[in-house]
file work_15.txt (compact mmCIF, C-alpha atoms and all ligand atoms)
# COMPACT_ATOMS: atom_id res chain seq x y z
CA MET A 30 -5.54 227.66 198.64
CA LYS A 31 -7.17 229.23 195.57
CA CYS A 32 -9.65 231.72 196.99
CA LEU A 33 -12.35 233.53 195.08
CA ILE A 34 -13.84 236.61 196.75
CA LEU A 35 -17.17 237.63 195.28
CA GLY A 36 -17.54 241.32 196.12
CA GLY A 37 -13.81 241.46 196.81
CA ALA A 38 -13.41 245.14 195.98
CA GLY A 39 -15.77 246.12 198.78
CA PHE A 40 -15.09 247.05 202.36
CA ILE A 41 -14.85 243.58 203.89
CA GLY A 42 -13.66 241.86 200.70
CA SER A 43 -10.71 244.18 200.16
CA HIS A 44 -9.44 243.61 203.70
CA LEU A 45 -10.04 239.90 203.32
CA ALA A 46 -7.99 239.88 200.11
CA GLN A 47 -5.07 241.42 201.95
CA GLY A 48 -5.48 239.00 204.85
CA LEU A 49 -5.49 235.98 202.52
CA LEU A 50 -2.47 237.20 200.57
CA ALA A 51 -0.58 237.72 203.82
CA GLN A 52 -1.21 234.05 204.61
CA GLY A 53 0.13 232.94 201.23
CA HIS A 54 -3.19 232.08 199.55
CA GLU A 55 -3.99 232.76 195.90
CA VAL A 56 -6.64 235.47 195.52
CA ARG A 57 -9.11 236.01 192.73
CA ILE A 58 -11.50 238.95 193.03
CA PHE A 59 -14.84 239.27 191.28
CA ASP A 60 -16.68 242.57 191.45
CA ARG A 61 -18.60 245.03 189.35
CA PRO A 62 -16.85 246.90 186.51
CA ASN A 63 -15.48 250.43 186.75
CA LEU A 64 -15.08 250.58 190.50
CA MET A 65 -12.70 252.91 192.25
CA LEU A 66 -10.33 250.32 193.72
CA PRO A 67 -8.18 250.75 196.81
CA PRO A 68 -4.62 251.39 195.53
CA GLU A 69 -3.26 248.73 197.92
CA LEU A 70 -5.17 246.15 195.90
CA SER A 71 -5.31 247.50 192.37
CA SER A 72 -1.52 247.58 192.13
CA ASP A 73 -0.94 244.17 193.70
CA PRO A 74 0.20 241.80 190.95
CA ARG A 75 -0.68 238.75 193.03
CA ILE A 76 -4.43 239.40 192.68
CA GLU A 77 -6.39 238.05 189.73
CA TRP A 78 -9.18 240.52 188.87
CA PHE A 79 -12.48 239.71 187.20
CA GLU A 80 -15.18 242.21 186.41
CA GLY A 81 -18.77 241.15 186.05
CA ASP A 82 -22.24 240.99 187.47
CA PHE A 83 -23.02 238.47 190.17
CA LEU A 84 -26.51 238.19 188.73
CA ASN A 85 -25.17 237.16 185.33
CA GLN A 86 -24.53 233.42 185.23
CA ASP A 87 -22.07 233.69 182.33
CA ASP A 88 -19.97 236.15 184.31
CA LEU A 89 -19.94 233.86 187.33
CA ALA A 90 -19.03 230.90 185.14
CA GLN A 91 -15.76 232.72 184.29
CA VAL A 92 -14.55 232.70 187.87
CA VAL A 93 -15.97 229.73 189.74
CA PRO A 94 -14.03 226.97 187.93
CA GLY A 95 -10.52 226.61 189.33
CA SER A 96 -11.40 228.09 192.72
CA GLU A 97 -11.22 226.00 195.88
CA VAL A 98 -12.86 228.25 198.43
CA ILE A 99 -15.45 230.89 197.61
CA PHE A 100 -16.09 233.84 199.90
CA HIS A 101 -19.55 235.11 199.08
CA LEU A 102 -19.66 238.78 200.06
CA VAL A 103 -22.01 240.16 197.44
CA SER A 104 -25.24 241.71 198.59
CA ALA A 105 -27.49 243.58 196.21
CA THR A 106 -29.42 245.20 199.05
CA LEU A 107 -28.94 246.95 202.38
CA PRO A 108 -30.94 246.30 205.54
CA LYS A 109 -32.54 249.73 205.60
CA SER A 110 -33.80 249.64 202.00
CA SER A 111 -34.48 245.93 201.49
CA ASN A 112 -38.12 246.26 202.61
CA ASP A 113 -38.74 248.76 199.81
CA ASN A 114 -38.65 245.90 197.33
CA PRO A 115 -38.52 242.45 198.96
CA ALA A 116 -39.13 240.73 195.61
CA TYR A 117 -35.92 242.31 194.27
CA ASP A 118 -34.11 241.23 197.44
CA VAL A 119 -35.11 237.63 196.74
CA GLN A 120 -34.47 237.78 193.00
CA SER A 121 -31.02 239.28 193.38
CA ASN A 122 -29.57 237.75 196.54
CA VAL A 123 -31.31 234.41 196.83
CA VAL A 124 -31.67 233.53 193.14
CA GLY A 125 -28.17 234.84 192.42
CA THR A 126 -26.75 232.63 195.18
CA LEU A 127 -28.62 229.59 193.82
CA HIS A 128 -26.95 230.11 190.45
CA LEU A 129 -23.63 230.33 192.27
CA LEU A 130 -24.30 227.10 194.17
CA GLU A 131 -25.21 225.27 190.98
CA LEU A 132 -21.89 226.31 189.47
CA ALA A 133 -20.11 225.36 192.69
CA ARG A 134 -21.69 221.89 192.48
CA LEU A 135 -20.72 221.50 188.86
CA HIS A 136 -17.10 222.48 189.48
CA GLY A 137 -16.46 220.66 192.74
CA ILE A 138 -15.94 223.71 194.95
CA ARG A 139 -14.66 222.63 198.34
CA ARG A 140 -16.22 225.28 200.56
CA VAL A 141 -18.36 228.42 200.44
CA ILE A 142 -18.03 231.00 203.20
CA PHE A 143 -20.97 233.34 203.42
CA ALA A 144 -21.28 236.79 205.03
CA SER A 145 -24.60 236.68 206.83
CA SER A 146 -25.93 239.24 209.25
CA GLY A 147 -25.95 238.91 213.04
CA GLY A 148 -27.67 242.27 213.21
CA THR A 149 -30.78 241.25 211.27
CA VAL A 150 -31.37 237.48 211.21
CA TYR A 151 -32.53 237.29 214.83
CA GLY A 152 -35.03 240.16 214.83
CA LEU A 153 -36.04 241.46 218.23
CA PRO A 154 -33.72 239.81 220.79
CA ARG A 155 -35.52 237.84 223.49
CA SER A 156 -32.32 237.43 225.48
CA LEU A 157 -28.91 239.08 225.41
CA PRO A 158 -26.30 238.48 224.24
CA VAL A 159 -27.88 236.74 221.25
CA SER A 160 -26.52 233.26 220.59
CA GLU A 161 -26.81 231.30 217.36
CA ALA A 162 -29.55 229.21 218.99
CA HIS A 163 -31.79 232.28 219.35
CA ALA A 164 -35.02 232.33 217.30
CA THR A 165 -34.65 233.87 213.84
CA GLU A 166 -37.45 236.34 213.14
CA PRO A 167 -36.03 239.13 210.98
CA LEU A 168 -37.83 242.45 210.69
CA VAL A 169 -36.16 243.25 207.37
CA SER A 170 -36.17 241.39 204.10
CA TYR A 171 -32.36 241.53 204.05
CA GLY A 172 -32.31 239.28 207.14
CA ILE A 173 -34.83 236.88 205.59
CA THR A 174 -32.82 236.48 202.39
CA LYS A 175 -29.60 236.00 204.41
CA LEU A 176 -31.36 233.20 206.30
CA ALA A 177 -32.72 231.66 203.12
CA ILE A 178 -29.19 231.57 201.70
CA GLU A 179 -27.95 229.93 204.93
CA LYS A 180 -30.59 227.22 204.49
CA TYR A 181 -29.64 226.62 200.85
CA LEU A 182 -26.00 226.30 201.86
CA HIS A 183 -27.05 223.60 204.29
CA MET A 184 -29.08 221.85 201.62
CA TYR A 185 -26.20 221.87 199.13
CA ARG A 186 -23.88 220.43 201.73
CA GLU A 187 -26.25 217.65 202.70
CA LEU A 188 -27.15 216.75 199.11
CA TYR A 189 -24.01 217.56 197.14
CA GLY A 190 -21.17 217.73 199.65
CA ILE A 191 -20.19 221.39 199.22
CA ASP A 192 -18.99 222.40 202.65
CA TYR A 193 -19.87 225.84 203.98
CA CYS A 194 -19.44 228.23 206.83
CA VAL A 195 -21.78 231.09 207.69
CA LEU A 196 -20.50 234.12 209.54
CA ARG A 197 -23.29 236.17 211.07
CA LEU A 198 -21.46 239.46 211.26
CA ALA A 199 -22.22 242.21 213.71
CA ASN A 200 -21.32 245.74 212.56
CA PRO A 201 -17.83 245.79 211.08
CA PHE A 202 -16.08 249.15 210.98
CA GLY A 203 -12.68 250.42 209.97
CA GLU A 204 -10.54 251.72 207.14
CA ARG A 205 -12.14 251.84 203.68
CA GLN A 206 -15.74 251.60 204.88
CA ARG A 207 -17.66 253.81 202.49
CA VAL A 208 -19.88 256.46 203.97
CA SER A 209 -22.28 256.32 201.02
CA ALA A 210 -23.07 252.63 201.51
CA ALA A 211 -22.16 252.26 205.16
CA GLN A 212 -24.18 249.75 207.08
CA GLY A 213 -22.75 250.97 210.36
CA ALA A 214 -22.80 254.26 212.18
CA VAL A 215 -19.09 254.55 212.86
CA ALA A 216 -17.92 255.60 209.39
CA VAL A 217 -20.83 257.98 208.85
CA PHE A 218 -20.53 259.65 212.25
CA LEU A 219 -16.75 259.95 212.08
CA HIS A 220 -16.84 261.36 208.56
CA ARG A 221 -19.48 263.94 209.45
CA ALA A 222 -17.76 264.88 212.70
CA LEU A 223 -14.47 265.32 210.90
CA HIS A 224 -16.10 267.68 208.40
CA GLY A 225 -18.05 269.63 211.03
CA GLU A 226 -21.38 268.34 209.63
CA MET A 227 -24.53 267.65 211.62
CA ILE A 228 -25.00 264.03 212.70
CA HIS A 229 -28.57 262.78 212.33
CA ILE A 230 -29.64 260.10 214.78
CA TRP A 231 -32.84 258.09 214.51
CA GLY A 232 -34.25 257.87 218.03
CA ASP A 233 -32.66 259.08 221.26
CA GLY A 234 -29.24 257.57 220.60
CA SER A 235 -29.78 254.60 222.89
CA VAL A 236 -29.94 252.05 220.04
CA THR A 237 -27.18 249.62 220.92
CA ARG A 238 -25.15 247.46 218.56
CA ASP A 239 -22.12 245.24 218.52
CA TYR A 240 -19.21 246.78 216.56
CA ILE A 241 -16.32 244.68 215.33
CA TYR A 242 -13.08 246.07 213.91
CA ILE A 243 -12.60 245.00 210.30
CA LYS A 244 -9.29 243.20 210.80
CA ASP A 245 -10.84 241.10 213.55
CA ALA A 246 -13.76 240.24 211.24
CA VAL A 247 -11.31 239.22 208.52
CA GLY A 248 -9.55 236.96 211.02
CA ALA A 249 -12.82 235.07 211.43
CA PHE A 250 -13.22 234.59 207.66
CA ILE A 251 -9.72 233.15 207.48
CA LYS A 252 -10.36 230.80 210.40
CA ALA A 253 -13.58 229.71 208.68
CA MET A 254 -11.61 228.41 205.70
CA ASN A 255 -10.28 225.48 207.63
CA SER A 256 -12.77 224.84 210.38
CA THR A 257 -13.52 221.15 210.66
CA GLY A 258 -16.09 220.86 213.45
CA GLU A 259 -19.79 220.19 213.21
CA GLN A 260 -20.71 223.85 213.75
CA ARG A 261 -21.09 225.86 210.58
CA VAL A 262 -22.91 229.00 211.69
CA PHE A 263 -21.05 231.54 213.81
CA ASN A 264 -21.79 234.93 215.32
CA ILE A 265 -18.88 237.28 214.66
CA GLY A 266 -18.87 240.41 216.77
CA SER A 267 -17.09 241.96 219.71
CA GLY A 268 -19.65 240.61 222.18
CA GLN A 269 -19.90 244.16 223.57
CA GLY A 270 -22.72 246.64 223.09
CA LEU A 271 -22.21 250.32 222.28
CA SER A 272 -25.04 252.82 221.93
CA LEU A 273 -25.01 255.52 219.25
CA ASN A 274 -24.42 258.01 222.07
CA ASP A 275 -21.41 255.93 223.22
CA ILE A 276 -19.97 256.14 219.71
CA LEU A 277 -20.48 259.90 219.61
CA ALA A 278 -18.77 260.22 222.98
CA ALA A 279 -15.80 258.16 221.76
CA ILE A 280 -15.54 260.32 218.62
CA GLU A 281 -15.70 263.52 220.65
CA LYS A 282 -12.94 262.22 222.90
CA LEU A 283 -10.80 261.25 219.92
CA LEU A 284 -11.30 264.54 218.06
CA GLY A 285 -11.12 266.61 221.24
CA LYS A 286 -14.22 268.63 220.33
CA PRO A 287 -18.02 268.36 220.63
CA VAL A 288 -19.90 267.08 217.58
CA ALA A 289 -23.22 268.53 216.43
CA ARG A 290 -26.11 266.08 216.51
CA ASN A 291 -29.79 266.06 215.78
CA TYR A 292 -32.15 263.45 217.23
CA GLU A 293 -34.98 262.41 214.88
CA SER A 294 -37.88 259.94 215.07
CA ALA A 295 -36.89 256.34 215.66
CA ARG A 296 -37.20 253.84 212.76
CA LYS A 297 -39.59 250.94 213.24
CA PHE A 298 -37.20 248.26 212.09
CA ASP A 299 -34.30 249.31 214.35
CA VAL A 300 -34.30 246.81 217.21
CA PRO A 301 -33.27 248.63 220.44
CA VAL A 302 -30.35 246.36 221.33
CA ASN A 303 -28.37 243.72 219.51
CA VAL A 304 -25.22 242.25 221.02
CA LEU A 305 -23.91 238.92 219.83
CA ASP A 306 -22.79 235.99 221.93
CA ILE A 307 -19.49 234.94 220.35
CA THR A 308 -18.80 231.91 222.54
CA ARG A 309 -19.26 229.46 219.66
CA ALA A 310 -16.72 231.21 217.46
CA ARG A 311 -14.25 231.32 220.37
CA GLU A 312 -14.66 227.63 221.11
CA HIS A 313 -15.08 226.13 217.66
CA LEU A 314 -13.24 228.49 215.32
CA GLY A 315 -10.51 229.37 217.80
CA TRP A 316 -11.22 233.02 216.96
CA GLN A 317 -11.65 236.04 219.12
CA PRO A 318 -11.54 239.79 218.59
CA ALA A 319 -8.28 241.46 219.56
CA VAL A 320 -8.74 245.17 218.75
CA ARG A 321 -10.46 247.52 221.20
CA PHE A 322 -13.15 249.78 219.77
CA GLU A 323 -11.13 252.90 220.62
CA ASP A 324 -8.07 251.57 218.80
CA GLY A 325 -10.11 250.65 215.74
CA LEU A 326 -11.55 254.16 215.78
CA VAL A 327 -8.04 255.68 215.83
CA ASN A 328 -7.09 253.59 212.76
CA THR A 329 -10.30 254.56 210.96
CA LEU A 330 -9.75 258.25 211.65
CA ALA A 331 -6.16 258.06 210.41
CA TRP A 332 -7.32 256.44 207.18
CA MET A 333 -10.06 259.03 206.65
CA GLN A 334 -7.58 261.84 207.13
CA GLN A 335 -5.19 260.29 204.63
CA ASN A 336 -7.94 259.51 202.10
CA PRO A 337 -10.32 262.47 202.28
CA HIS A 338 -12.30 261.55 199.16
CA ALA A 339 -12.18 257.76 199.15
CA GLN A 340 -14.98 257.01 201.57
CA THR A 341 -17.68 258.80 199.61
CA GLN A 342 -16.79 257.27 196.25
CA ALA A 343 -19.00 254.53 194.81
P1 LIG B 401 -19.56 246.48 200.24
O1 LIG B 401 -20.73 247.12 199.55
O2 LIG B 401 -18.43 247.33 200.63
O3 LIG B 401 -18.99 245.30 199.33
C1 LIG B 401 -19.81 244.47 198.56
C2 LIG B 401 -19.19 244.35 197.19
O4 LIG B 401 -20.08 243.57 196.38
C3 LIG B 401 -19.04 245.71 196.49
O5 LIG B 401 -17.71 245.90 196.08
C4 LIG B 401 -19.99 245.62 195.31
O6 LIG B 401 -19.50 246.27 194.15
C5 LIG B 401 -20.09 244.11 195.10
N1 LIG B 401 -21.33 243.80 194.40
C6 LIG B 401 -22.59 244.13 194.75
N2 LIG B 401 -23.46 243.70 193.83
C7 LIG B 401 -22.73 243.08 192.88
C8 LIG B 401 -23.05 242.44 191.66
N3 LIG B 401 -24.31 242.34 191.21
N4 LIG B 401 -22.05 241.91 190.93
C9 LIG B 401 -20.76 242.00 191.34
N5 LIG B 401 -20.39 242.59 192.49
C10 LIG B 401 -21.36 243.13 193.24
O7 LIG B 401 -20.17 245.68 201.48
P2 LIG B 401 -19.41 245.04 202.72
O8 LIG B 401 -19.67 245.92 203.88
O9 LIG B 401 -18.00 244.69 202.36
O10 LIG B 401 -20.28 243.72 202.93
C11 LIG B 401 -19.91 242.48 202.38
C12 LIG B 401 -20.93 241.43 202.79
O11 LIG B 401 -21.04 241.38 204.20
C13 LIG B 401 -22.35 241.70 202.25
O12 LIG B 401 -22.93 240.48 201.89
C14 LIG B 401 -23.07 242.26 203.44
O13 LIG B 401 -24.46 241.99 203.39
C15 LIG B 401 -22.40 241.51 204.58
N6 LIG B 401 -22.49 242.21 205.85
C16 LIG B 401 -21.97 243.47 205.96
C17 LIG B 401 -22.09 244.15 207.16
C18 LIG B 401 -21.57 245.56 207.29
O14 LIG B 401 -21.97 246.25 208.24
N7 LIG B 401 -20.68 246.03 206.44
C19 LIG B 401 -22.73 243.53 208.25
C20 LIG B 401 -23.22 242.24 208.11
C21 LIG B 401 -23.10 241.58 206.90
call {"tool": "encode", "arguments": {"input": "work_15.txt", "output": "structure tokens"}}
result
Amino acid sequence: MKCLILGGAGFIGSHLAQGLLAQGHEVRIFDRPNLMLPPELSSDPRIEWFEGDFLNQDDLAQVVPGSEVIFHLVSATLPKSSNDNPAYDVQSNVVGTLHLLELARLHGIRRVIFASSGGTVYGLPRSLPVSEAHATEPLVSYGITKLAIEKYLHMYRELYGIDYCVLRLANPFGERQRVSAAQGAVAVFLHRALHGEMIHIWGDGSVTRDYIYIKDAVGAFIKAMNSTGEQRVFNIGSGQGLSLNDILAAIEKLLGKPVARNYESARKFDVPVNVLDITRAREHLGWQPAVRFEDGLVNTLAWMQQNPHAQTQA
């Protein structure tokens, strides 16, 4: 299949590119210009590279035609900062995606697979683990724009026949996750612990999240390419909750030394617990996570040690 990965030089996209190539698919990557690319990808002659801006329709028009499946992994915002400028969040992510969908309609794209957010679309969980049927009441703009995009995907399928699959990701972690842009605690904590730096924690460390190893997350994207059932929205996580203190304990065990930490005031938008119910993905995608958190942590540490500067580069 001819696969286009929008945001393919990023953390998830770069692993997805490798996963797709390993399965024999053709891979085209679209991402911003002048990025520091992972050597595994930049030197791979099988990848077609395109530089451009997702928000520029002319740039997108260079890459959409000729693709069969589009993986939409671009996000112009992060959960923690999206409330600073919700109008920008809408203008960039929602409007940008609408331009993409118009092009997809024009060029007969078969399917769009979208990286949504299981950590933000539900808001404060009323029951745990959180299933896809749970109410969606995000506390951050990022979650609202992810939901809006999900709804537009549905509309474009109903009206124009572009199939789609939404993966509501938990907190992926693993090799190549950048500390500077990290959405999860694992990369930041591990990097700081490795360098003997203080780890700052908002709250008392009890905030609990669902962490999924990157290669398991990629497995779900690949399954989503060919899913044929009625379900189109899937939680993708480990189904297990780990607190920030649990992560610190696992890092201390792995490094064999205590790590310095500093507990600060909790942030209002951090829901206390979010753990995803992944039953639907198990049953309908035939997917399930295979890598234990501790093993994923070992791989992440090994990568950080081999690439001491990579994770802080833009
Ligand atoms: P990332 O920042 O590593 O990758 C995103 C890529 O998109 C980057 O390479 C970036 O250069 C590119 N990009 C951003 N704006 C662009 C633009 N205007 N034009 C062209 N390219 C642009 O992020 P990631 O962790 O790989 O996340 C990928 C997707 O998954 C995002 O949509 C994100 O919201 C979603 N997601 C991530 C997490 C997480 O914890 N990492 C959790 C849930 C959902």
call {"tool": "residues_near_ligand", "arguments": {"input": "work_15.txt", "ligand": "ligand LIG 401 (chain B)", "cutoff": "8 Å", "atoms": "all atoms listed in the file", "output": "ChimeraX atom specification"}}
result
/A:35-43,59-62,64,80-85,101-107,121,143-148,171,175,197-202,206-207,210-213
call {"tool": "closest_residue", "arguments": {"input": "work_15.txt", "among": "A:Thr149, A:Glu179, A:Thr257, A:Thr329", "to": "A:Glu166", "atoms": "all atoms listed in the file"}}
result
A:Thr149
call {"tool": "residues_around", "arguments": {"input": "work_15.txt", "residues": "A:Ser256", "least_positions_apart": "6", "cutoff": "10 Å", "atoms": "all atoms listed in the file", "output": "mmCIF file with C-alpha atoms, in the coordinates of the input"}}
result
data_model
loop_
_atom_site.group_PDB
_atom_site.id
_atom_site.type_symbol
_atom_site.label_atom_id
_atom_site.label_comp_id
_atom_site.auth_asym_id
_atom_site.auth_seq_id
_atom_site.Cartn_x
_atom_site.Cartn_y
_atom_site.Cartn_z
ATOM 1 C CA TYR A 193 -19.870 225.840 203.980
ATOM 2 C CA CYS A 194 -19.440 228.230 206.830
ATOM 3 C CA HIS A 313 -15.080 226.130 217.660
ATOM 4 C CA LEU A 314 -13.240 228.490 215.320
ATOM 5 C CA GLY A 315 -10.510 229.370 217.800
#
call {"tool": "residues_near_point", "arguments": {"input": "work_15.txt", "point": "(-16.2, 269.2, 211.4)", "cutoff": "10 Å", "atoms": "only C-alpha atoms", "output": "PyMOL selection string"}}
result
chain A and resi 219-227+284+286-289
call {"tool": "closest_residue", "arguments": {"input": "work_15.txt", "among": "A:His338, A:Asp113, A:Pro74, A:Ile265", "to": "A:Ile307", "atoms": "only C-alpha atoms"}}
result
A:Ile265
call {"tool": "residues_around", "arguments": {"input": "work_15.txt", "residues": "stretch 298-300 of chain A", "least_positions_apart": "6", "cutoff": "9 Å", "atoms": "only C-alpha atoms", "output": "JSON, numbers by chain"}}
result
{"A": [109, 148, 149, 152, 153, 154, 168, 169, 231, 236, 237]}
call {"tool": "write_last_selection", "arguments": {"input": "work_15.txt", "atoms": "C-alpha atoms", "output": "PDB file, in the coordinates of the input"}}
result
ATOM      1  CA  LYS A 109     -32.540 249.730 205.600  1.00  0.00           C
ATOM      2  CA  GLY A 148     -27.670 242.270 213.210  1.00  0.00           C
ATOM      3  CA  THR A 149     -30.780 241.250 211.270  1.00  0.00           C
ATOM      4  CA  GLY A 152     -35.030 240.160 214.830  1.00  0.00           C
ATOM      5  CA  LEU A 153     -36.040 241.460 218.230  1.00  0.00           C
ATOM      6  CA  PRO A 154     -33.720 239.810 220.790  1.00  0.00           C
ATOM      7  CA  LEU A 168     -37.830 242.450 210.690  1.00  0.00           C
ATOM      8  CA  VAL A 169     -36.160 243.250 207.370  1.00  0.00           C
ATOM      9  CA  TRP A 231     -32.840 258.090 214.510  1.00  0.00           C
ATOM     10  CA  VAL A 236     -29.940 252.050 220.040  1.00  0.00           C
ATOM     11  CA  THR A 237     -27.180 249.620 220.920  1.00  0.00           C
TER      12      THR A 237
END
call {"tool": "closest_residue", "arguments": {"input": "work_15.txt", "among": "A:Trp316, A:Tyr189, A:Tyr240, A:Trp78", "to": "A:Gly137", "atoms": "only C-alpha atoms"}}
result
A:Tyr189
call {"tool": "atom_distance", "arguments": {"input": "work_15.txt", "atom1": "atom CA of A:Ala46", "atom2": "atom CA of A:Val247"}}
result
9.1 Å
call {"tool": "atom_distance", "arguments": {"input": "work_15.txt", "atom1": "atom CA of A:Ile99", "atom2": "atom CA of A:Ile138"}}
result
7.7 Å
call {"tool": "residues_around", "arguments": {"input": "work_15.txt", "residues": "A:Met254", "least_positions_apart": "2", "cutoff": "8 Å", "atoms": "all atoms listed in the file", "output": "mmCIF file with C-alpha atoms, in the frame of the given file"}}
result
data_model
loop_
_atom_site.group_PDB
_atom_site.id
_atom_site.type_symbol
_atom_site.label_atom_id
_atom_site.label_comp_id
_atom_site.auth_asym_id
_atom_site.auth_seq_id
_atom_site.Cartn_x
_atom_site.Cartn_y
_atom_site.Cartn_z
ATOM 1 C CA VAL A 98 -12.860 228.250 198.430
ATOM 2 C CA ARG A 140 -16.220 225.280 200.560
ATOM 3 C CA ILE A 142 -18.030 231.000 203.200
ATOM 4 C CA CYS A 194 -19.440 228.230 206.830
ATOM 5 C CA PHE A 250 -13.220 234.590 207.660
ATOM 6 C CA ILE A 251 -9.720 233.150 207.480
ATOM 7 C CA LYS A 252 -10.360 230.800 210.400
ATOM 8 C CA SER A 256 -12.770 224.840 210.380
#
call {"tool": "closest_residue", "arguments": {"input": "work_15.txt", "among": "A:Ile241, A:Ala214, A:Leu132, A:Cys32", "to": "A:Gln269", "atoms": "all atoms listed in the file"}}
result
A:Ile241
call {"tool": "residues_near_point", "arguments": {"input": "work_15.txt", "point": "(-19.5, 257.2, 221.0)", "cutoff": "12 Å", "atoms": "all atoms listed in the file", "output": "MDAnalysis selection string"}}
result
chainID A and resid 214:216 218:219 222 234:238 240 270:284 287:288 290 322:323 326
call {"tool": "atom_distance", "arguments": {"input": "work_15.txt", "atom1": "atom CA of A:Ala133", "atom2": "atom CA of A:Gln120"}}
result
19.0 Å
call {"tool": "closest_residue", "arguments": {"input": "work_15.txt", "among": "A:Leu182, A:Ile243, A:Val124, A:Ile34", "to": "A:Glu97", "atoms": "all atoms listed in the file"}}
result
A:Ile34
call {"tool": "closest_residue", "arguments": {"input": "work_15.txt", "among": "A:Phe100, A:Arg205, A:Pro115, A:Gln260", "to": "A:Met65", "atoms": "all atoms listed in the file"}}
result
A:Arg205
call {"tool": "decode", "arguments": {"input": "work_15.txt", "residues": "stretch 329-334 of chain A", "atoms": "all heavy atoms", "output": "tab-separated table (two decimals), in the first residue's frame"}}
result
chain	number	residue	atom	x	y	z
A	329	THR	N	14.44	2.22	26.02
A	329	THR	CA	14.52	3.69	25.95
A	329	THR	C	15.85	4.17	26.54
A	329	THR	O	16.52	5.04	25.98
A	329	THR	CB	13.34	4.32	26.73
A	329	THR	OG1	12.13	3.69	26.31
A	329	THR	CG2	13.24	5.81	26.47
A	330	LEU	N	16.22	3.58	27.66
A	330	LEU	CA	17.48	3.96	28.30
A	330	LEU	C	18.66	3.65	27.37
A	330	LEU	O	19.56	4.49	27.19
A	330	LEU	CB	17.64	3.20	29.63
A	330	LEU	CG	18.99	3.36	30.32
A	330	LEU	CD1	19.20	4.81	30.77
A	330	LEU	CD2	19.11	2.42	31.52
A	331	ALA	N	18.63	2.47	26.76
A	331	ALA	CA	19.74	2.09	25.86
A	331	ALA	C	19.85	3.10	24.72
A	331	ALA	O	20.95	3.54	24.37
A	331	ALA	CB	19.50	0.69	25.31
A	332	TRP	N	18.72	3.50	24.18
A	332	TRP	CA	18.74	4.47	23.08
A	332	TRP	C	19.29	5.82	23.56
A	332	TRP	O	20.11	6.44	22.88
A	332	TRP	CB	17.34	4.63	22.49
A	332	TRP	CG	17.34	5.62	21.37
A	332	TRP	CD1	17.68	5.40	20.06
A	332	TRP	CD2	17.02	7.02	21.47
A	332	TRP	NE1	17.59	6.57	19.35
A	332	TRP	CE2	17.19	7.57	20.19
A	332	TRP	CE3	16.62	7.84	22.51
A	332	TRP	CZ2	16.97	8.92	19.91
A	332	TRP	CZ3	16.39	9.20	22.24
A	332	TRP	CH2	16.56	9.71	20.95
A	333	MET	N	18.87	6.26	24.73
A	333	MET	CA	19.34	7.55	25.25
A	333	MET	C	20.85	7.53	25.47
A	333	MET	O	21.54	8.50	25.21
A	333	MET	CB	18.65	7.87	26.58
A	333	MET	CG	17.28	8.43	26.41
A	333	MET	SD	16.65	9.04	27.99
A	333	MET	CE	15.06	9.66	27.44
A	334	GLN	N	21.33	6.38	25.93
A	334	GLN	CA	22.78	6.30	26.19
A	334	GLN	C	23.57	6.32	24.88
A	334	GLN	O	24.65	6.87	24.81
A	334	GLN	CB	23.08	5.05	27.01
A	334	GLN	CG	22.62	5.21	28.46
A	334	GLN	CD	22.68	3.92	29.26
A	334	GLN	OE1	22.44	2.84	28.72
A	334	GLN	NE2	22.98	4.03	30.54
